[in-house]
file coords.txt (compact mmCIF, C-alpha atoms)
# COMPACT_ATOMS: atom_id res chain seq x y z
CA MET N 1 -21.21 -7.34 11.54
CA CYS N 2 -17.60 -6.67 12.34
CA LEU N 3 -16.14 -3.19 12.57
CA HIS N 4 -12.38 -3.31 12.06
CA ILE N 5 -10.78 0.04 12.84
CA ASP N 6 -7.73 1.84 14.13
CA ILE N 7 -8.95 5.39 13.65
CA PRO N 8 -6.63 8.34 12.97
CA SER N 9 -7.62 11.75 14.33
CA SER N 10 -8.52 12.98 10.82
CA PHE N 11 -11.87 11.20 11.25
CA SER N 12 -12.74 13.22 14.38
CA SER N 13 -15.76 14.95 12.80
CA LEU N 14 -17.41 11.77 11.52
CA LEU N 15 -19.81 11.07 14.38
CA ASN N 16 -21.21 14.59 14.56
CA ARG N 17 -21.80 14.74 10.81
CA ILE N 18 -23.43 11.31 10.55
CA LYS N 19 -25.84 12.36 13.29
CA GLY N 20 -26.77 15.46 11.31
CA GLY N 21 -24.88 17.99 13.37
CA GLY N 22 -23.21 19.66 10.37
CA GLU N 23 -19.51 20.42 10.33
CA ALA N 24 -17.83 19.64 13.62
CA ALA N 25 -15.91 22.28 15.47
CA ALA N 26 -12.14 22.10 15.38
CA ALA N 27 -12.12 21.30 19.09
CA ASP N 28 -14.20 18.12 18.73
CA PRO N 29 -12.54 15.18 20.46
CA PRO N 30 -11.08 12.41 18.30
CA LEU N 31 -13.60 9.87 17.08
CA THR N 32 -13.38 6.54 18.88
CA PRO N 33 -14.26 3.03 17.71
CA GLU N 34 -17.07 3.12 20.26
CA ASP N 35 -18.53 6.22 18.56
CA ILE N 36 -18.77 4.49 15.18
CA LYS N 37 -20.05 1.34 16.85
CA GLY N 38 -22.89 3.32 18.40
CA VAL N 39 -23.82 4.98 15.12
CA LEU N 40 -23.93 1.68 13.22
CA GLU N 41 -25.83 -0.09 15.98
CA GLY N 42 -28.37 2.70 15.64
CA ARG N 43 -28.83 1.53 12.05
CA GLY N 44 -29.51 -2.02 13.24
CA TRP N 45 -25.99 -3.42 12.82
CA GLU N 46 -24.38 -5.93 15.14
CA VAL N 47 -20.89 -4.51 15.63
CA GLU N 48 -17.67 -5.87 17.04
CA ILE N 49 -14.53 -3.76 17.38
CA VAL N 50 -11.44 -5.65 16.25
CA LYS N 51 -7.85 -4.50 16.69
CA ALA N 52 -5.70 -4.24 13.57
CA SER N 53 -3.03 -6.33 15.26
CA SER N 54 -5.42 -9.29 15.31
CA MET N 55 -6.21 -9.12 11.59
CA PRO N 56 -4.21 -10.39 8.60
CA MET N 57 -3.65 -6.93 7.15
CA LEU N 58 -2.19 -6.49 3.68
CA THR N 59 -0.12 -3.49 2.63
CA VAL N 60 -1.71 -1.87 -0.40
CA ASP N 61 0.17 -2.74 -3.59
CA PRO N 62 0.08 -0.23 -6.49
CA LYS N 63 -0.48 -3.19 -8.84
CA GLY N 64 -3.60 -4.28 -6.94
CA ILE N 65 -6.86 -2.98 -8.38
CA LEU N 66 -8.99 -0.45 -6.54
CA LYS N 67 -11.98 -2.76 -6.51
CA CYS N 68 -15.49 -3.21 -5.21
CA VAL N 69 -16.19 -4.40 -1.65
CA ASP N 70 -17.83 -7.50 -3.19
CA GLY N 71 -16.56 -10.67 -1.51
CA ARG N 72 -17.30 -13.12 -4.32
CA GLY N 73 -14.77 -14.94 -6.47
CA SER N 74 -13.22 -13.01 -9.32
CA ASP N 75 -11.18 -13.28 -12.48
CA ASN N 76 -8.87 -10.78 -10.78
CA THR N 77 -6.13 -11.98 -8.46
CA ALA N 78 -4.62 -8.57 -7.61
CA PHE N 79 -6.51 -8.22 -4.32
CA GLN N 80 -4.00 -5.94 -2.57
CA GLY N 81 -5.65 -2.80 -3.86
CA PRO N 82 -8.07 -0.67 -1.81
CA LYS N 83 -11.76 -1.55 -1.72
CA MET N 84 -14.71 0.82 -2.16
CA ALA N 85 -18.37 0.13 -2.94
CA GLY N 86 -18.59 -0.29 -6.71
CA GLY N 87 -14.87 0.33 -7.18
CA ILE N 88 -14.35 3.83 -8.56
CA TYR N 89 -18.13 4.29 -8.87
CA ALA N 90 -17.97 5.08 -5.12
CA ILE N 91 -15.95 8.22 -5.89
CA ALA N 92 -18.33 9.37 -8.60
CA HIS N 93 -21.36 8.62 -6.43
CA ASN N 94 -20.02 10.52 -3.42
CA ARG N 95 -19.11 13.57 -5.50
CA GLY N 96 -22.35 13.60 -7.48
CA THR N 97 -20.44 12.97 -10.72
CA THR N 98 -22.92 11.61 -13.26
CA SER N 99 -21.31 12.11 -16.67
CA ILE N 100 -19.13 9.83 -18.76
CA GLU N 101 -16.45 12.51 -18.99
CA GLY N 102 -16.49 12.90 -15.23
CA LEU N 103 -16.08 9.13 -14.81
CA LYS N 104 -13.12 9.14 -17.20
CA ALA N 105 -11.53 11.97 -15.22
CA ILE N 106 -11.91 9.99 -11.98
CA THR N 107 -10.32 6.96 -13.64
CA LYS N 108 -7.28 9.06 -14.54
CA GLU N 109 -7.22 10.62 -11.06
CA VAL N 110 -7.05 7.18 -9.46
CA ILE N 111 -4.19 6.17 -11.76
CA LYS N 112 -2.33 9.37 -10.84
CA ALA N 113 -2.90 8.55 -7.15
CA GLY N 114 -1.04 5.27 -7.61
CA HIS N 115 -3.87 2.73 -7.93
CA VAL N 116 -5.41 0.62 -10.70
CA PRO N 117 -9.01 1.88 -11.14
CA SER N 118 -11.76 -0.66 -11.76
CA VAL N 119 -15.46 -1.41 -11.96
CA HIS N 120 -16.99 -4.86 -12.24
CA GLY N 121 -19.77 -7.07 -13.52
CA ASP N 122 -20.53 -10.73 -12.91
CA HIS N 123 -21.15 -14.02 -14.70
CA SER N 124 -24.95 -13.75 -14.64
CA SER N 125 -25.76 -10.09 -15.24
CA ASP N 126 -22.71 -8.85 -17.16
CA MET N 127 -21.92 -5.24 -16.17
CA MET N 128 -25.16 -4.89 -14.20
CA GLY N 129 -23.69 -7.51 -11.86
CA CYS N 130 -22.34 -4.75 -9.60
CA GLY N 131 -25.00 -4.35 -6.90
CA PHE N 132 -23.82 -0.87 -5.96
CA PHE N 133 -24.13 0.44 -9.51
CA LYS N 134 -27.51 -1.26 -9.96
CA LEU N 135 -28.82 0.46 -6.83
CA TRP N 136 -27.44 3.80 -8.01
CA VAL N 137 -28.73 3.70 -11.59
CA THR N 138 -32.20 2.45 -10.58
CA GLY N 139 -32.72 5.24 -8.05
CA ARG N 140 -32.34 3.41 -4.76
CA PHE N 141 -30.12 6.24 -3.50
CA ASP N 142 -32.54 8.97 -4.59
CA ASP N 143 -33.87 9.54 -1.08
CA MET N 144 -30.29 10.06 0.15
CA GLY N 145 -29.83 12.94 -2.30
CA TYR N 146 -27.62 11.23 -4.88
CA PRO N 147 -28.31 12.05 -8.56
CA ARG N 148 -28.44 9.04 -10.86
CA PRO N 149 -25.67 8.45 -13.41
CA GLU N 150 -26.31 9.59 -16.98
CA PHE N 151 -24.74 6.38 -18.30
CA ASP N 152 -25.69 2.73 -18.13
CA ALA N 153 -23.50 -0.11 -16.86
CA ASP N 154 -22.00 -0.95 -20.25
CA GLN N 155 -21.24 2.69 -21.03
CA GLY N 156 -19.62 3.17 -17.63
CA ALA N 157 -17.41 0.12 -18.02
CA ALA N 158 -16.39 1.18 -21.53
CA ALA N 159 -15.46 4.65 -20.28
CA VAL N 160 -13.35 3.28 -17.42
CA LYS N 161 -11.55 0.91 -19.77
CA GLU N 162 -10.96 3.65 -22.35
CA ALA N 163 -9.45 5.90 -19.67
CA GLY N 164 -7.00 3.18 -18.60
CA GLY N 165 -8.98 1.28 -15.96
CA HIS N 166 -9.62 -2.41 -15.41
CA ILE N 167 -12.86 -4.38 -15.76
CA GLU N 168 -13.25 -7.14 -13.17
CA MET N 169 -15.76 -9.99 -13.43
CA HIS N 170 -17.12 -11.77 -10.36
CA HIS N 171 -18.60 -15.24 -10.25
CA GLY N 172 -20.77 -17.23 -7.86
CA GLY N 173 -23.36 -16.06 -5.37
CA HIS N 174 -23.08 -13.68 -2.45
CA ALA N 175 -22.32 -15.43 0.85
CA GLU N 176 -20.61 -12.63 2.82
CA LYS N 177 -20.97 -13.22 6.56
CA VAL N 178 -19.39 -10.01 7.81
CA VAL N 179 -18.53 -6.43 6.89
CA LEU N 180 -15.02 -5.20 7.72
CA ILE N 181 -14.67 -1.41 7.81
CA ASN N 182 -10.98 -0.67 7.75
CA LEU N 183 -9.62 2.81 8.48
CA VAL N 184 -5.96 1.81 8.71
CA GLU N 185 -4.36 3.89 6.00
CA ASN N 186 -2.68 2.05 3.11
CA LYS N 187 -3.81 -1.32 4.44
CA THR N 188 -6.52 -3.68 3.20
CA LEU N 189 -7.72 -7.28 3.57
CA ASP N 190 -8.29 -10.25 1.29
CA PRO N 191 -11.98 -10.88 0.50
CA ILE N 192 -11.42 -14.71 0.56
CA GLU N 193 -13.78 -16.42 -1.90
CA ASP N 194 -14.30 -19.48 0.33
CA ASP N 195 -15.07 -17.37 3.43
CA GLN N 196 -16.62 -14.25 1.95
CA ARG N 197 -16.71 -10.86 3.63
CA PHE N 198 -17.46 -7.33 2.48
CA ILE N 199 -14.39 -5.11 2.88
CA VAL N 200 -14.71 -1.32 2.99
CA ASP N 201 -11.41 0.55 3.15
CA GLY N 202 -12.76 3.69 4.76
CA TRP N 203 -9.43 5.52 4.62
CA THR N 204 -9.82 5.83 0.84
CA ALA N 205 -12.55 8.44 1.38
CA GLY N 206 -10.00 10.77 2.94
CA LYS N 207 -7.42 10.07 0.24
CA PHE N 208 -9.82 11.09 -2.52
CA GLY N 209 -11.32 14.04 -0.68
CA LEU N 210 -14.76 12.48 -0.26
CA ASP N 211 -17.42 13.23 2.32
CA VAL N 212 -16.44 10.54 4.82
CA PRO N 213 -19.76 10.18 6.66
CA LYS N 214 -21.69 9.94 3.39
CA PHE N 215 -19.17 7.40 2.09
CA LEU N 216 -19.51 5.12 5.11
CA VAL N 217 -23.29 5.47 5.37
CA ALA N 218 -23.70 4.75 1.63
CA ALA N 219 -21.55 1.63 2.02
CA ALA N 220 -23.64 0.46 4.98
CA ALA N 221 -26.88 1.22 3.12
CA THR N 222 -25.63 -0.72 0.10
CA VAL N 223 -24.95 -3.84 2.15
CA GLY N 224 -28.38 -3.54 3.76
CA MET N 225 -30.28 -3.03 0.50
CA LEU N 226 -28.52 -6.02 -1.03
CA GLY N 227 -29.68 -8.22 1.85
CA GLY N 228 -26.31 -8.86 3.42
CA PRO N 229 -24.46 -10.10 5.21
CA LYS N 230 -25.53 -13.74 5.31
CA LYS N 231 -25.39 -15.45 8.71
call {"tool": "encode", "arguments": {"input": "coords.txt", "output": "structure tokens"}}
result
Amino acid sequence: MCLHIDIPSSFSSLLNRIKGGGEAAAADPPLTPEDIKGVLEGRGWEVEIVKASSMPMLTVDPKGILKCVDGRGSDNTAFQGPKMAGGIYAIAHNRGTTSIEGLKAITKEVIKAGHVPSVHGDHSSDMMGCGFFKLWVTGRFDDMGYPRPEFDADQGAAAVKEAGGHIEMHHGGHAEKVVLINLVENKTLDPIEDDQRFIVDGWTAGKFGLDVPKFLVAAAATVGMLGGPKK
């Protein structure tokens, strides 16, 4: 796995909280790439730290959809939006939002924040083609303390669309070879259909006031439960 980070000091409490130490004291030293590397290696990841200057970073475009980390091909071509597991489902999941009305409110919040909100399905499973949502609705996150959504995949997609969001459809099989965790604010990367990779824009957790450690650990757990990445 590849860890791609240039970490701002706002993530200084991440390591302590992932390790179960509760809220970090204000005097905690800034989190380093090596800290996150150690945490993820403890979960069985193979991690490489990559400098932002060596990556083909894209500036986030307000017209790009806030989409899933899924690296497969898509009917969407607006890839310069931020990437979160399940698209905006990641926000609902992190906050424990389980209602349709709550999902609609998040959709509108994302629009107000300057992004195009989305969720996705795929060519073979329709709206259940989002692996993150499937794990969430079937209880695979239960032991991590996340309540299941009160809506199914079709209801969720309909609510997002009704509130002004976008429905993306992926095609093909998963062949992601790497996970890129990007904490460079307002930057993202292209998933590249012919050279797939999972892309997690970790800075989005801070933008939407999420629990950052839970956000990153849930993303890592999702990739693991879905059997990725492929070598």
call {"tool": "closest_residue", "arguments": {"input": "coords.txt", "among": "N:His93, N:Lys67, N:His171, N:Lys207", "to": "Asp126 in chain N", "atoms": "all atoms listed in the file"}}
result
N:His171
call {"tool": "atom_distance", "arguments": {"input": "coords.txt", "atom1": "CA of Ile100 in chain N", "atom2": "CA of Val137 in chain N"}}
result
13.5 Å
call {"tool": "closest_residue", "arguments": {"input": "coords.txt", "among": "N:Ala205, N:Met84, N:Cys68, N:Met127", "to": "Asp152 in chain N", "atoms": "all atoms listed in the file"}}
result
N:Met127
call {"tool": "closest_residue", "arguments": {"input": "coords.txt", "among": "N:Pro56, N:Gly86, N:Pro147, N:Gly64", "to": "Val223 in chain N", "atoms": "all atoms listed in the file"}}
result
N:Gly86
call {"tool": "closest_residue", "arguments": {"input": "coords.txt", "among": "N:Lys177, N:Lys112, N:His123, N:Arg148", "to": "Ala92 in chain N", "atoms": "all atoms listed in the file"}}
result
N:Arg148
call {"tool": "residues_near_point", "arguments": {"input": "coords.txt", "point": "(-10.8, 2.0, -19.3)", "cutoff": "12 Å", "atoms": "all atoms listed in the file", "output": "ChimeraX atom specification"}}
result
/N:88,100-101,103-108,110-111,116-120,154-168
call {"tool": "closest_residue", "arguments": {"input": "coords.txt", "among": "N:Ala52, N:Leu135, N:Val47, N:Met128", "to": "Asn182 in chain N", "atoms": "all atoms listed in the file"}}
result
N:Ala52
call {"tool": "closest_residue", "arguments": {"input": "coords.txt", "among": "N:Val60, N:Ala113, N:Met169, N:Met144", "to": "Arg72 in chain N", "atoms": "only C-alpha atoms"}}
result
N:Met169
call {"tool": "residues_around", "arguments": {"input": "coords.txt", "residues": "Ala78 in chain N", "least_positions_apart": "4", "cutoff": "10 Å", "atoms": "only C-alpha atoms", "output": "ChimeraX atom specification"}}
result
/N:61-67,74,116,190
call {"tool": "atom_distance", "arguments": {"input": "coords.txt", "atom1": "CA of Val212 in chain N", "atom2": "CA of Arg95 in chain N"}}
result
11.1 Å
call {"tool": "build_atoms", "arguments": {"input": "coords.txt", "residues": "range 192-205 of chain N", "atoms": "N, CA and C atoms", "output": "PDB file, in the coordinates of the input"}}
result
ATOM      1  N   ILE N 192     -11.355 -13.249   0.324  1.00  0.00           N
ATOM      2  CA  ILE N 192     -11.420 -14.710   0.560  1.00  0.00           C
ATOM      3  C   ILE N 192     -12.702 -15.323  -0.008  1.00  0.00           C
ATOM      4  N   GLU N 193     -12.614 -15.846  -1.206  1.00  0.00           N
ATOM      5  CA  GLU N 193     -13.780 -16.420  -1.900  1.00  0.00           C
ATOM      6  C   GLU N 193     -14.471 -17.511  -1.100  1.00  0.00           C
ATOM      7  N   ASP N 194     -13.707 -18.348  -0.399  1.00  0.00           N
ATOM      8  CA  ASP N 194     -14.300 -19.480   0.330  1.00  0.00           C
ATOM      9  C   ASP N 194     -14.812 -19.101   1.718  1.00  0.00           C
ATOM     10  N   ASP N 195     -14.587 -17.861   2.130  1.00  0.00           N
ATOM     11  CA  ASP N 195     -15.070 -17.370   3.430  1.00  0.00           C
ATOM     12  C   ASP N 195     -15.384 -15.886   3.259  1.00  0.00           C
ATOM     13  N   GLN N 196     -16.391 -15.600   2.453  1.00  0.00           N
ATOM     14  CA  GLN N 196     -16.620 -14.250   1.950  1.00  0.00           C
ATOM     15  C   GLN N 196     -16.885 -13.221   3.044  1.00  0.00           C
ATOM     16  N   ARG N 197     -16.378 -12.007   2.790  1.00  0.00           N
ATOM     17  CA  ARG N 197     -16.710 -10.860   3.630  1.00  0.00           C
ATOM     18  C   ARG N 197     -16.663  -9.602   2.787  1.00  0.00           C
ATOM     19  N   PHE N 198     -17.530  -8.651   3.092  1.00  0.00           N
ATOM     20  CA  PHE N 198     -17.460  -7.330   2.480  1.00  0.00           C
ATOM     21  C   PHE N 198     -16.316  -6.572   3.144  1.00  0.00           C
ATOM     22  N   ILE N 199     -15.489  -5.897   2.336  1.00  0.00           N
ATOM     23  CA  ILE N 199     -14.390  -5.110   2.880  1.00  0.00           C
ATOM     24  C   ILE N 199     -14.518  -3.674   2.383  1.00  0.00           C
ATOM     25  N   VAL N 200     -14.615  -2.740   3.318  1.00  0.00           N
ATOM     26  CA  VAL N 200     -14.710  -1.320   2.990  1.00  0.00           C
ATOM     27  C   VAL N 200     -13.470  -0.634   3.561  1.00  0.00           C
ATOM     28  N   ASP N 201     -12.597  -0.176   2.693  1.00  0.00           N
ATOM     29  CA  ASP N 201     -11.410   0.550   3.150  1.00  0.00           C
ATOM     30  C   ASP N 201     -11.788   2.024   3.314  1.00  0.00           C
ATOM     31  N   GLY N 202     -12.240   2.351   4.514  1.00  0.00           N
ATOM     32  CA  GLY N 202     -12.760   3.690   4.760  1.00  0.00           C
ATOM     33  C   GLY N 202     -11.751   4.803   4.588  1.00  0.00           C
ATOM     34  N   TRP N 203     -10.459   4.497   4.758  1.00  0.00           N
ATOM     35  CA  TRP N 203      -9.430   5.520   4.620  1.00  0.00           C
ATOM     36  C   TRP N 203      -9.356   6.092   3.204  1.00  0.00           C
ATOM     37  N   THR N 204      -9.870   5.345   2.224  1.00  0.00           N
ATOM     38  CA  THR N 204      -9.820   5.830   0.840  1.00  0.00           C
ATOM     39  C   THR N 204     -10.665   7.095   0.668  1.00  0.00           C
ATOM     40  N   ALA N 205     -11.706   7.244   1.488  1.00  0.00           N
ATOM     41  CA  ALA N 205     -12.550   8.440   1.380  1.00  0.00           C
ATOM     42  C   ALA N 205     -11.720   9.693   1.647  1.00  0.00           C
TER      43      ALA N 205
END
